[in-house]
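Novice: Have a look at the structure that comes next, please.
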Amino acid sequence: MTSKQINPWQSVCDKAELQPGQFVEFALAHAETGTAKSTDTLPLTGFVFLDGATPRAYLNQCPHMGVELNWKPGCFMDVDNLFLQCSTHGALFKPRDGECIAGPCQGDALTELDLRETEGILEIRLPE
Ligand code: FES
C-alpha cells in the first residue's frame with residue numbers, strides 16, 4: 001500500500017486585513033519540503049482576493065500558455081474591474097469560478113486553490 005502525498009496548507013494572509021480590490025500573491029509550498037514549489041523554469045505562484053465578501057484563490061497560471069496572469073504586482077483585473085485578465089493575450093476570467101469567457105482559452109478555467117480560514121488566517125493549498 002502506498003501513502004498518498006497531501007499538499008500542505010499554507011498561510012497567506014489575515015482575512016480581516018484583506019481589502020476589496022486587493023490581491024495577495026504568494027509562492028506555493030512544496031508537498032515534501034515545505035519550500036517554494038516550482039515548475040521547470042518558474043516558481044509556482046497563486047493569488048487570493050475578495051469576490052464581494054468571499055475570498056477566492058487561484059493558481060497564477062493562464063490556461064492558454066501557462067504564464068502568470070499579471071505583469072505588475074497586484075494587477076489582475078480588466079479596465080472595467082469586472083473580470084480577471086491575463087496581461088499576455090487579454091483572456092478574461094470570471095472571478096467567481098475562474099472560467100475563461102473570452103480570449104484564446106475560452107471555455108477553459110483557472111485552477112482554483114483549496115481555501116480555508118483558520119483563526120482568522122486564510123490558508124490555501126493545491127488541490128489533490
Ligand atoms: S497566455 Fe494568457 S491569454 Fe495567452
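Letters A, B, ... mark the chains of the C-alpha cells in the order given; residue numbers begin at 1 per chain; ligand numbers begin at 1, in order shown.
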Can you pull out every residue with an atom within 7 Å of ligand 1? Use only C-alpha atoms and all ligand atoms and format it as a PyMOL selection string.
Specialist: chain A and resi 62-67+69+86-91+103-105
Novice: May I have the residues within 9 Å of A:Pro55 as a list of chain:residue names, using only C-alpha atoms and disregarding those fewer than 6 positions away in the same chain?
Specialist: A:Lys15, A:Leu18, A:Val48, A:Phe49, A:Leu115, A:Leu122
Novice: Residues at most 10 Å from A:Arg56, counting only C-alpha atoms, excluding those fewer than 2 positions away in the same chain, as a PyMOL selection string?
Specialist: chain A and resi 47-54+58+95-98+112-116+122+124
Novice: Selection from above, C-alpha atoms, as a PDB file, in the first residue's frame, can you write it?
Specialist:
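The result, written out as selection_1.pdb:
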```pdb
ATOM      1  CA  PHE A  47      -3.215  34.847  -5.560  1.00  0.00           C
ATOM      2  CA  VAL A  48      -6.106  35.455  -3.202  1.00  0.00           C
ATOM      3  CA  PHE A  49      -8.682  38.252  -3.339  1.00  0.00           C
ATOM      4  CA  LEU A  50     -12.205  39.128  -2.268  1.00  0.00           C
ATOM      5  CA  ASP A  51     -15.043  38.391  -4.697  1.00  0.00           C
ATOM      6  CA  GLY A  52     -17.668  40.532  -2.963  1.00  0.00           C
ATOM      7  CA  ALA A  53     -17.200  39.329   0.609  1.00  0.00           C
ATOM      8  CA  THR A  54     -15.970  35.865  -0.408  1.00  0.00           C
ATOM      9  CA  TYR A  58      -6.351  30.672  -7.896  1.00  0.00           C
ATOM     10  CA  PRO A  95     -13.765  35.942 -10.562  1.00  0.00           C
ATOM     11  CA  ARG A  96     -16.355  33.539  -9.107  1.00  0.00           C
ATOM     12  CA  ASP A  97     -15.173  30.294 -10.743  1.00  0.00           C
ATOM     13  CA  GLY A  98     -12.202  31.209 -12.939  1.00  0.00           C
ATOM     14  CA  GLU A 112      -8.887  27.131  -8.104  1.00  0.00           C
ATOM     15  CA  LEU A 113      -6.900  26.508  -4.935  1.00  0.00           C
ATOM     16  CA  ASP A 114      -8.353  24.937  -1.810  1.00  0.00           C
ATOM     17  CA  LEU A 115      -9.031  27.748   0.651  1.00  0.00           C
ATOM     18  CA  ARG A 116      -9.937  27.732   4.332  1.00  0.00           C
ATOM     19  CA  LEU A 122      -6.632  32.438   5.168  1.00  0.00           C
ATOM     20  CA  ILE A 124      -4.532  27.704   0.763  1.00  0.00           C
TER      21      ILE A 124
END
```
Novice: Using only C-alpha atoms, which residue out of A:Ile121, A:Met77, A:Ala29, A:Val12 lies closest to A:Lys94?
Specialist: A:Met77
Novice: With only C-alpha atoms as the counted atoms, please give the residues lying no more than 6 Å from A:Ile101, apart from itself and same-chain residues fewer than 3 positions off, as a ChimeraX atom specification.
Specialist: /A:92-93,106
Novice: Just how far from atom CA of A:Phe76 is atom CA of A:Asp108, in Å to one decimal?
Specialist: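 Separating atom CA of A:Asp108 from atom CA of A:Phe76 is a distance of 17.6 Å.
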Novice: If DSSP is run on the backbone, what residues of stretch 2-122 of chain A are strand (DSSP E or B)? A reply as a PyMOL selection string would be ideal.
Specialist: chain A and resi 10-14+24-27+29+36+38+43+45-51+54-59+77+84-85+92-93+99-102+109+112+114-118+121-122
